[in-house]
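Data file: final04.txt. Format and content: compact mmCIF, C-alpha atoms.
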```
# COMPACT_ATOMS: atom_id res chain seq x y z
CA MET A 73 99.49 259.86 25.51
CA ALA A 74 99.68 256.62 27.45
CA ASP A 75 102.68 254.44 26.91
CA ALA A 76 102.08 251.53 24.55
CA VAL A 77 102.40 248.07 26.02
CA VAL A 78 104.60 245.86 23.91
CA THR A 79 103.76 242.15 24.06
CA PRO A 80 106.59 239.71 23.21
CA VAL A 81 106.18 237.72 20.05
CA GLY A 82 104.69 234.32 20.85
CA ALA A 83 101.75 233.24 22.94
CA PRO A 84 100.02 236.44 24.21
CA GLY A 85 100.08 236.97 27.94
CA LEU A 86 102.46 234.10 28.65
CA ALA A 87 105.75 234.64 30.39
CA PRO A 88 108.68 233.16 28.44
CA ALA A 89 109.54 230.84 31.35
CA SER A 90 106.06 229.29 31.30
CA ARG A 91 106.19 228.25 27.64
CA PRO A 92 108.54 225.28 28.13
CA ARG A 93 106.32 224.02 30.96
CA LEU A 94 103.23 224.26 28.78
CA ARG A 95 105.09 222.52 25.95
CA ALA A 96 106.17 219.72 28.30
CA ALA A 97 102.66 219.39 29.75
CA ALA A 98 101.13 219.26 26.27
CA LEU A 99 103.63 216.63 25.15
CA PHE A 100 103.09 214.44 28.20
CA VAL A 101 99.30 214.65 27.83
CA ALA A 102 99.56 213.77 24.14
CA LEU A 103 101.86 210.81 24.89
CA ALA A 104 99.55 209.60 27.68
CA VAL A 105 96.54 209.73 25.36
CA LEU A 106 98.42 207.94 22.58
CA LEU A 107 99.55 205.32 25.07
CA ALA A 108 96.05 204.72 26.44
CA VAL A 109 94.55 204.48 22.96
CA GLY A 110 97.37 202.20 21.84
CA VAL A 111 96.94 199.87 24.82
CA ILE A 112 93.20 199.53 24.26
CA ALA A 113 93.58 199.10 20.49
CA SER A 114 96.40 196.56 20.86
CA ALA A 115 94.37 194.54 23.36
CA GLY A 116 91.21 194.61 21.25
CA VAL A 117 92.48 194.10 17.70
CA GLY A 118 93.57 190.72 16.37
CA GLN A 119 92.20 187.40 15.23
CA LEU A 120 89.78 187.67 18.15
CA THR A 121 88.25 191.15 17.99
CA VAL A 122 87.24 192.57 21.36
CA SER A 123 85.27 195.78 21.83
CA VAL A 124 86.69 198.78 23.68
CA THR A 125 84.18 198.41 26.51
CA GLU A 126 85.05 194.73 26.96
CA VAL A 127 88.78 195.54 27.12
CA ILE A 128 88.16 198.19 29.79
CA GLY A 129 85.75 195.91 31.62
CA ALA A 130 88.27 193.04 31.64
CA LEU A 131 90.95 195.37 32.99
CA LEU A 132 88.66 196.57 35.77
CA ARG A 133 87.57 193.04 36.66
CA GLY A 134 91.19 191.96 36.83
CA ILE A 135 91.87 194.56 39.54
CA GLY A 136 88.74 193.67 41.48
CA ILE A 137 86.18 196.12 40.03
CA ASP A 138 83.32 194.24 38.38
CA THR A 139 81.24 196.24 35.89
CA ALA A 140 78.64 195.61 33.22
CA TRP A 141 81.39 196.14 30.61
CA ALA A 142 83.21 192.95 31.60
CA PRO A 143 83.23 190.28 28.86
CA SER A 144 80.41 187.76 29.23
CA SER A 145 82.52 185.09 27.55
CA LYS A 146 85.11 183.39 29.73
CA ILE A 147 87.17 182.63 26.63
CA THR A 148 87.40 186.34 25.77
CA TYR A 149 88.36 187.25 29.32
CA GLU A 150 91.06 184.58 29.50
CA ALA A 151 92.38 185.48 26.05
CA LEU A 152 92.80 189.08 27.16
CA TRP A 153 94.50 188.30 30.46
CA GLN A 154 96.64 185.38 29.33
CA ILE A 155 97.66 186.52 25.83
CA ARG A 156 96.86 190.14 24.97
CA PHE A 157 97.53 191.99 28.23
CA PRO A 158 100.94 190.35 28.92
CA ARG A 159 102.03 191.22 25.39
CA VAL A 160 100.88 194.83 25.76
CA ALA A 161 102.63 195.11 29.13
CA MET A 162 105.83 193.68 27.66
CA SER A 163 105.74 196.17 24.77
CA LEU A 164 105.32 199.03 27.26
CA LEU A 165 108.25 197.91 29.39
CA VAL A 166 110.60 197.07 26.52
CA GLY A 167 109.94 200.34 24.71
CA ALA A 168 110.36 202.41 27.86
CA ALA A 169 113.55 200.57 28.88
CA LEU A 170 115.20 200.95 25.47
CA ALA A 171 114.30 204.64 25.22
CA VAL A 172 115.60 205.45 28.71
CA ALA A 173 118.78 203.50 27.95
CA GLY A 174 119.24 205.55 24.79
CA ALA A 175 118.76 208.83 26.66
CA VAL A 176 121.34 207.78 29.26
CA MET A 177 123.79 206.77 26.52
CA GLN A 178 123.40 210.12 24.82
CA ALA A 179 123.99 211.89 28.14
CA VAL A 180 127.15 209.89 28.87
CA PHE A 181 128.60 210.25 25.37
CA GLY A 182 127.46 213.84 24.97
CA ASN A 183 126.18 212.97 21.50
CA PRO A 184 122.55 212.69 20.33
CA LEU A 185 123.57 209.97 17.86
CA ALA A 186 124.61 207.51 20.59
CA GLU A 187 122.45 204.47 21.31
CA PRO A 188 122.74 201.37 23.55
CA GLY A 189 124.25 199.14 20.86
CA VAL A 190 127.39 201.30 20.89
CA VAL A 191 128.67 199.59 24.05
CA GLY A 192 128.07 196.08 22.74
CA VAL A 193 124.99 195.16 24.75
CA SER A 194 122.88 194.13 21.73
CA SER A 195 125.61 192.06 20.05
CA GLY A 196 126.54 190.48 23.38
CA ALA A 197 122.91 189.57 24.03
CA ALA A 198 122.60 188.04 20.56
CA LEU A 199 125.71 185.93 21.14
CA GLY A 200 124.46 184.81 24.54
CA ALA A 201 121.04 183.85 23.19
CA ALA A 202 122.62 181.97 20.27
CA LEU A 203 124.85 179.99 22.65
CA GLY A 204 121.80 179.06 24.70
CA ILE A 205 119.82 177.96 21.66
CA VAL A 206 122.66 175.87 20.20
CA SER A 207 123.50 174.30 23.57
CA GLY A 208 120.03 172.76 23.80
CA GLY A 209 118.46 171.37 26.94
CA VAL A 210 117.37 173.86 29.60
CA LEU A 211 119.31 176.71 28.00
CA ALA A 212 117.33 176.38 24.76
CA GLY A 213 114.04 177.16 26.49
CA VAL A 214 112.51 180.64 26.77
CA VAL A 215 113.90 181.29 30.24
CA GLY A 216 117.29 179.80 29.43
CA THR A 217 117.67 181.80 26.22
CA ALA A 218 116.54 184.99 27.94
CA SER A 219 118.98 184.41 30.80
CA MET A 220 121.87 183.81 28.41
CA ALA A 221 120.91 186.92 26.43
CA PHE A 222 120.85 189.05 29.58
CA ILE A 223 124.20 187.68 30.76
CA GLY A 224 125.73 188.19 27.32
CA GLY A 225 124.49 191.77 27.04
CA VAL A 226 125.61 192.85 30.50
CA GLY A 227 128.89 190.94 30.17
CA ALA A 228 129.74 192.58 26.83
CA THR A 229 129.01 196.04 28.24
CA LEU A 230 131.18 195.50 31.30
CA MET A 231 133.93 194.14 29.06
CA VAL A 232 133.81 197.33 26.99
CA TYR A 233 134.12 199.46 30.12
CA VAL A 234 136.97 197.44 31.64
CA MET A 235 138.94 197.37 28.39
CA ALA A 236 138.43 201.10 27.81
CA ARG A 237 139.49 202.08 31.33
CA ALA A 238 143.07 203.31 31.70
CA GLY A 239 144.71 205.28 34.47
CA GLY A 240 141.61 205.16 36.63
CA ARG A 241 139.34 206.82 34.05
CA THR A 242 137.75 206.32 30.66
CA GLU A 243 137.54 208.53 27.60
CA VAL A 244 134.38 208.72 25.51
CA VAL A 245 136.30 208.09 22.28
CA THR A 246 138.02 205.05 23.84
CA LEU A 247 134.65 203.67 24.95
CA LEU A 248 133.29 204.11 21.44
CA LEU A 249 136.23 202.42 19.73
CA THR A 250 136.28 199.58 22.29
CA GLY A 251 132.56 199.10 21.72
CA ILE A 252 133.16 198.77 17.99
CA ALA A 253 135.81 196.13 18.63
CA VAL A 254 133.62 194.15 21.04
CA ASN A 255 130.69 194.37 18.61
CA ALA A 256 132.90 192.95 15.87
CA PHE A 257 134.11 190.14 18.14
CA ALA A 258 130.57 189.27 19.24
CA GLY A 259 129.42 189.34 15.62
CA ALA A 260 132.15 186.88 14.67
CA GLY A 261 131.23 184.64 17.59
CA LEU A 262 127.57 184.76 16.55
CA ALA A 263 128.48 183.76 13.00
CA LEU A 264 130.52 180.83 14.34
CA VAL A 265 127.66 179.67 16.58
CA ILE A 266 125.23 179.82 13.65
CA PHE A 267 127.69 177.86 11.51
CA VAL A 268 128.03 175.01 14.02
CA GLY A 269 124.31 174.88 14.87
CA ASP A 270 121.80 172.69 13.08
CA SER A 271 119.12 174.08 10.77
CA ALA A 272 116.50 174.35 13.52
CA ALA A 273 118.86 176.27 15.80
CA ARG A 274 119.89 178.58 12.97
CA GLU A 275 116.28 179.40 12.20
CA GLN A 276 115.53 180.08 15.85
CA ILE A 277 118.57 182.36 16.19
CA VAL A 278 117.61 184.35 13.09
CA PHE A 279 114.04 184.85 14.27
CA TRP A 280 115.23 185.82 17.78
CA GLN A 281 117.45 188.50 16.25
CA LEU A 282 114.53 189.95 14.30
CA GLY A 283 112.68 190.68 17.56
CA SER A 284 109.18 189.62 18.59
CA LEU A 285 106.82 190.02 21.55
CA ASN A 286 104.81 186.95 20.63
CA GLY A 287 104.21 184.54 23.49
CA SER A 288 104.90 187.02 26.31
CA ARG A 289 103.78 185.73 29.71
CA TRP A 290 103.18 187.43 33.04
CA ASN A 291 106.18 185.83 34.72
CA GLU A 292 108.41 187.22 31.96
CA VAL A 293 106.74 190.63 32.25
CA ALA A 294 107.45 190.60 36.00
CA VAL A 295 111.16 189.91 35.44
CA VAL A 296 111.52 192.71 32.89
CA ALA A 297 109.48 195.07 35.10
CA VAL A 298 111.79 194.61 38.09
CA PHE A 299 114.91 195.54 36.13
CA ALA A 300 113.29 198.24 33.99
CA VAL A 301 111.55 200.06 36.86
CA ALA A 302 114.57 199.92 39.17
CA ALA A 303 117.07 201.09 36.54
CA SER A 304 114.73 203.82 35.18
CA THR A 305 114.17 205.15 38.70
CA ILE A 306 117.92 205.39 39.29
CA ALA A 307 118.39 207.11 35.91
CA LEU A 308 115.76 209.72 36.80
CA ALA A 309 117.48 210.30 40.15
CA LEU A 310 120.71 211.05 38.23
CA ALA A 311 119.06 213.57 35.88
CA ARG A 312 120.59 216.60 37.61
CA ARG A 313 124.06 215.08 37.32
CA TYR A 314 123.58 214.48 33.60
CA ASP A 315 122.75 218.19 33.27
CA LEU A 316 126.07 219.01 34.93
CA LEU A 317 127.92 216.54 32.71
CA ALA A 318 126.51 218.34 29.65
CA LEU A 319 128.60 221.36 30.65
CA GLY A 320 131.76 219.33 29.99
CA GLU A 321 133.75 216.89 32.09
CA ARG A 322 136.16 219.49 33.43
CA THR A 323 133.44 221.98 34.38
CA ALA A 324 131.31 219.24 35.93
CA GLY A 325 134.32 218.04 37.95
CA HIS A 326 134.94 221.55 39.26
CA LEU A 327 131.29 221.68 40.34
CA GLY A 328 131.79 218.56 42.46
CA LEU A 329 130.51 215.89 40.08
CA ARG A 330 132.37 212.57 40.18
CA VAL A 331 132.38 212.01 36.44
CA GLU A 332 133.94 208.56 36.42
CA ARG A 333 131.55 207.20 39.03
CA LEU A 334 128.59 208.61 37.10
CA ARG A 335 129.89 207.07 33.89
CA ILE A 336 130.26 203.54 35.26
CA VAL A 337 126.86 203.69 36.99
CA SER A 338 125.28 204.91 33.77
CA ILE A 339 126.87 202.18 31.67
CA VAL A 340 125.63 199.54 34.11
CA LEU A 341 122.15 201.08 33.92
CA VAL A 342 122.25 200.93 30.12
CA ALA A 343 123.38 197.29 30.24
CA VAL A 344 120.61 196.32 32.67
CA LEU A 345 117.87 198.21 30.81
CA THR A 346 118.85 196.95 27.36
CA GLY A 347 119.71 193.44 28.54
CA ALA A 348 116.35 193.04 30.27
CA ALA A 349 114.50 194.44 27.24
CA VAL A 350 116.11 192.24 24.60
CA ALA A 351 116.22 189.10 26.76
CA PHE A 352 112.61 188.17 26.03
CA ALA A 353 111.93 190.36 23.00
CA GLY A 354 115.05 189.88 20.86
CA ILE A 355 116.97 192.67 19.15
CA ILE A 356 114.82 195.78 18.66
CA SER A 357 116.90 198.51 17.05
CA PHE A 358 116.74 202.30 16.91
CA VAL A 359 114.23 202.85 19.74
CA GLY A 360 117.05 204.15 21.93
CA LEU A 361 118.13 206.53 19.17
CA VAL A 362 114.86 207.81 17.71
CA VAL A 363 112.79 208.42 20.84
CA PRO A 364 115.25 210.41 23.02
CA HIS A 365 116.29 212.57 20.10
CA ALA A 366 112.67 213.30 19.11
CA ILE A 367 111.83 214.21 22.71
CA ARG A 368 114.91 216.43 22.93
CA MET A 369 113.82 218.32 19.82
CA VAL A 370 110.57 219.23 21.59
CA LEU A 371 111.57 219.66 25.25
CA GLY A 372 115.23 220.59 25.06
CA PRO A 373 118.21 219.04 26.86
CA ALA A 374 117.03 219.11 30.51
CA HIS A 375 117.41 215.46 31.49
CA ARG A 376 114.59 215.09 34.00
CA LEU A 377 112.03 215.99 31.34
CA LEU A 378 114.03 214.20 28.66
CA LEU A 379 114.16 210.90 30.56
CA THR A 380 110.49 211.08 31.53
CA GLY A 381 109.45 211.92 27.98
CA SER A 382 111.67 209.17 26.59
CA LEU A 383 110.09 206.64 28.94
CA LEU A 384 106.60 207.53 27.74
CA GLY A 385 107.65 207.93 24.11
CA GLY A 386 109.38 204.55 24.00
CA ALA A 387 106.30 202.86 25.43
CA VAL A 388 104.06 204.59 22.87
CA LEU A 389 106.32 203.70 19.94
CA LEU A 390 106.57 200.02 20.75
CA VAL A 391 102.88 199.56 21.61
CA TRP A 392 101.87 200.97 18.23
CA ALA A 393 104.69 199.17 16.40
CA ASP A 394 103.60 195.85 17.91
CA LEU A 395 99.98 196.53 16.95
CA PHE A 396 101.05 197.20 13.36
CA ALA A 397 103.30 194.12 13.35
CA ARG A 398 100.35 191.91 14.30
CA THR A 399 97.79 193.41 11.92
CA ALA A 400 99.67 194.66 8.84
CA VAL A 401 99.75 191.26 7.13
CA THR A 402 96.76 188.93 7.32
CA GLY A 403 97.63 185.55 8.80
CA ALA A 404 101.23 186.51 9.60
CA GLU A 405 103.21 188.63 12.04
CA LEU A 406 105.98 190.98 11.02
CA PRO A 407 109.12 191.02 13.21
CA ILE A 408 108.91 194.11 15.39
CA GLY A 409 112.66 194.69 15.06
CA LEU A 410 112.13 195.01 11.31
CA LEU A 411 109.52 197.74 11.83
CA THR A 412 111.62 199.77 14.24
CA SER A 413 114.55 199.57 11.83
CA LEU A 414 112.34 200.80 8.99
CA ILE A 415 111.44 203.79 11.18
CA GLY A 416 114.87 204.36 12.69
CA GLY A 417 116.97 203.95 9.55
CA PRO A 418 115.54 206.95 7.67
CA PHE A 419 115.43 208.98 10.89
CA PHE A 420 119.11 208.26 11.52
CA PHE A 421 119.91 209.35 7.97
CA TYR A 422 117.95 212.56 8.59
CA LEU A 423 119.98 213.23 11.74
CA LEU A 424 123.22 212.74 9.84
CA ARG A 425 122.13 215.16 7.13
CA ARG A 426 120.97 217.64 9.75
CA ALA A 427 124.30 217.38 11.57
CA ARG A 428 126.24 217.87 8.33
CA ALA A 429 124.22 221.01 7.61
CA ARG A 430 125.42 222.55 10.85
CA GLN A 431 128.83 224.15 11.06
CA GLY A 432 131.15 221.58 12.55
CA GLY A 433 128.43 218.91 12.79
CA TRP A 434 127.96 217.44 16.26
CA ALA A 435 131.39 218.64 17.28
```
Encoded form using structure tokens:
Amino acid sequence: MADAVVTPVGAPGLAPASRPRLRAAALFVALAVLLAVGVIASAGVGQLTVSVTEVIGALLRGIGIDTAWAPSSKITYEALWQIRFPRVAMSLLVGAALAVAGAVMQAVFGNPLAEPGVVGVSSGAALGAALGIVSGGVLAGVVGTASMAFIGGVGATLMVYVMARAGGRTEVVTLLLTGIAVNAFAGAGLALVIFVGDSAAREQIVFWQLGSLNGSRWNEVAVVAVFAVAASTIALALARRYDLLALGERTAGHLGLRVERLRIVSIVLVAVLTGAAVAFAGIISFVGLVVPHAIRMVLGPAHRLLLTGSLLGGAVLLVWADLFARTAVTGAELPIGLLTSLIGGPFFFYLLRRARARQGGWA
């Protein structure tokens, strides 16, 4: 009697090593499709409704390929390229930057509950933007406020690192506690700035904190793109080192990894990514927490796939969130930071409950 062939439980005929690759490929294809559909829908839906073919035709004409699908109306074409497309591009970049920053933070802290706000970048950016708005003049404009927000976010992050450093190195717990202190200080400074500002400045500060992509322009998109692309590329290049760091600082050090150098580079990357994202869009919470953790649940902890998936997932989340923010209420626009908090708050609570259910929690 011939020997029976036993097939492992799972997908028939597939080697166990090939399943994660298929899972990653399926996820990336799904994210790419969601992103493409979201981009077209976000560009076509609004007070001025544009058909799918006209959106695609306008995109092709913009890159030098003229087709019969291009809008016949000059007003439609200009509305797409001057209003809709810059906003869609900004949502892509901001979502991707925040998600990659969150994945890097979680790698550095070794905790899936970490997010960019832990190191004070969001509170520092809010304080910087508020100072610009209250100061008036050039600083109160879009570019001035964005510049002050970027400086405030990066400055707060570097302050956290410098204050947490002792004896030539930093501890994760010290970074966390220092971040809490800097966040509290920045929050107090923000409250003081709001108190001394006039009613118009207060209103502008509040709306900036709620987050919005309204009024995005190509020159602003270009600025965010430079920082986001450069920092994301560096983060992807460090993926292998983050895998080593996940083994523990001592083990990674024995394997030749310079942990302290990796940590300071990573914190600077988080500051640049988050600072660039919130500079023109305002505070958008929970993207850096929700997206990397959701991707990790599907793909596992390997950081090259995790960072790539987070980049795509963050772009998808914010494109669809912005579309919902513009269309959910007739004649009004919901703050996008409000929507991401409504998504991220319950998800964060779920993570806490899930961690509590495990023996020892995240420890």
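Nearest residue to Arg159 in chain A, choosing from A:Gly287, A:Pro188, A:Gly208, A:Gly182 and counting all atoms listed in the file: A:Gly287.
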Quiz item: Within 9 Å of Leu345 in chain A, counting all atoms listed in the file, which residues qualify if same-chain residues fewer than 5 places away don't, as a ChimeraX atom specification?
Solution: /A:166,169-170,172-173,296,299-301,303-304,340,350
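You will find CA of Gln178 in chain A at 20.6 Å from CA of Ala197 in chain A.
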Quiz prompt | Nearest to Tyr149 in chain A, chosen from A:Gly386, A:Pro373, A:Gly167, A:Gly116, with all atoms listed in the file counted in the distances | solution = A:Gly116
Quiz item: If you count all atoms listed in the file, which residues fall within 12 Å of Trp280 in chain A, apart from same-chain ones fewer than 3 positions away, as a ChimeraX atom specification?
Solution: /A:194,197-202,204-205,212,214,217-218,221,273-277,283-286,350-356,407-410
Quiz item: What does the distance from CA of Leu249 in chain A to CA of Glu187 in chain A come to in Å, to one decimal?
Solution: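 It comes out at 14.0 Å.
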Practice problem: Could you please determine the separation between CA of Val254 in chain A and CA of Ala228 in chain A in Å, to one decimal place? | Solution: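 We find that CA of Val254 in chain A and CA of Ala228 in chain A lie 7.1 Å from each other.
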Practice problem: Might you pull out every residue within 7 Å of Val190 in chain A, with all atoms listed in the file counted and same-chain residues fewer than 3 positions away left off, and present them as an NGL selection string? | Solution: :A and (186-187 or 248 or 251-252)
Since the input lacks some atoms of range 120-138 of chain A, please model N, CA, C and O atoms and print them as a CSV table (one decimal), keeping the file's coordinate frame.
```csv
chain,number,residue,atom,x,y,z
A,120,LEU,N,91.0,187.6,17.3
A,120,LEU,CA,89.8,187.7,18.2
A,120,LEU,C,89.5,189.1,18.4
A,120,LEU,O,90.3,189.8,19.2
A,121,THR,N,88.5,189.7,17.8
A,121,THR,CA,88.2,191.2,18.0
A,121,THR,C,87.4,191.4,19.3
A,121,THR,O,86.4,190.7,19.5
A,122,VAL,N,87.9,192.3,20.1
A,122,VAL,CA,87.2,192.6,21.4
A,122,VAL,C,86.9,194.1,21.4
A,122,VAL,O,87.7,194.9,21.0
A,123,SER,N,85.7,194.4,21.8
A,123,SER,CA,85.3,195.8,21.8
A,123,SER,C,86.0,196.6,22.9
A,123,SER,O,86.6,196.0,23.8
A,124,VAL,N,86.0,197.9,22.7
A,124,VAL,CA,86.7,198.8,23.7
A,124,VAL,C,86.1,198.6,25.1
A,124,VAL,O,86.9,198.6,26.1
A,125,THR,N,84.8,198.5,25.2
A,125,THR,CA,84.2,198.4,26.5
A,125,THR,C,84.6,197.1,27.2
A,125,THR,O,84.8,197.0,28.4
A,126,GLU,N,84.7,196.0,26.4
A,126,GLU,CA,85.0,194.7,27.0
A,126,GLU,C,86.5,194.7,27.4
A,126,GLU,O,86.8,194.1,28.5
A,127,VAL,N,87.4,195.4,26.7
A,127,VAL,CA,88.8,195.5,27.1
A,127,VAL,C,88.9,196.3,28.4
A,127,VAL,O,89.5,195.8,29.4
A,128,ILE,N,88.2,197.4,28.5
A,128,ILE,CA,88.2,198.2,29.8
A,128,ILE,C,87.5,197.4,30.9
A,128,ILE,O,88.0,197.4,32.1
A,129,GLY,N,86.4,196.7,30.6
A,129,GLY,CA,85.8,195.9,31.6
A,129,GLY,C,86.6,194.8,32.1
A,129,GLY,O,86.6,194.5,33.3
A,130,ALA,N,87.4,194.1,31.2
A,130,ALA,CA,88.3,193.0,31.6
A,130,ALA,C,89.4,193.6,32.5
A,130,ALA,O,89.8,192.9,33.5
A,131,LEU,N,89.9,194.8,32.2
A,131,LEU,CA,91.0,195.4,33.0
A,131,LEU,C,90.4,195.7,34.4
A,131,LEU,O,91.1,195.4,35.4
A,132,LEU,N,89.2,196.2,34.5
A,132,LEU,CA,88.7,196.6,35.8
A,132,LEU,C,88.4,195.3,36.6
A,132,LEU,O,88.6,195.3,37.8
A,133,ARG,N,87.8,194.3,35.9
A,133,ARG,CA,87.6,193.0,36.7
A,133,ARG,C,88.9,192.4,37.2
A,133,ARG,O,88.9,191.9,38.3
A,134,GLY,N,89.9,192.5,36.4
A,134,GLY,CA,91.2,192.0,36.8
A,134,GLY,C,91.8,192.6,38.1
A,134,GLY,O,92.5,192.0,38.8
A,135,ILE,N,91.4,193.9,38.3
A,135,ILE,CA,91.9,194.6,39.5
A,135,ILE,C,90.8,194.6,40.6
A,135,ILE,O,90.9,195.3,41.6
A,136,GLY,N,89.7,193.8,40.4
A,136,GLY,CA,88.7,193.7,41.5
A,136,GLY,C,87.5,194.6,41.4
A,136,GLY,O,86.7,194.6,42.3
A,137,ILE,N,87.3,195.2,40.2
A,137,ILE,CA,86.2,196.1,40.0
A,137,ILE,C,85.3,195.5,38.9
A,137,ILE,O,85.7,195.6,37.8
A,138,ASP,N,84.2,194.9,39.3
A,138,ASP,CA,83.3,194.2,38.4
A,138,ASP,C,82.3,195.2,37.9
A,138,ASP,O,81.6,195.9,38.6
```
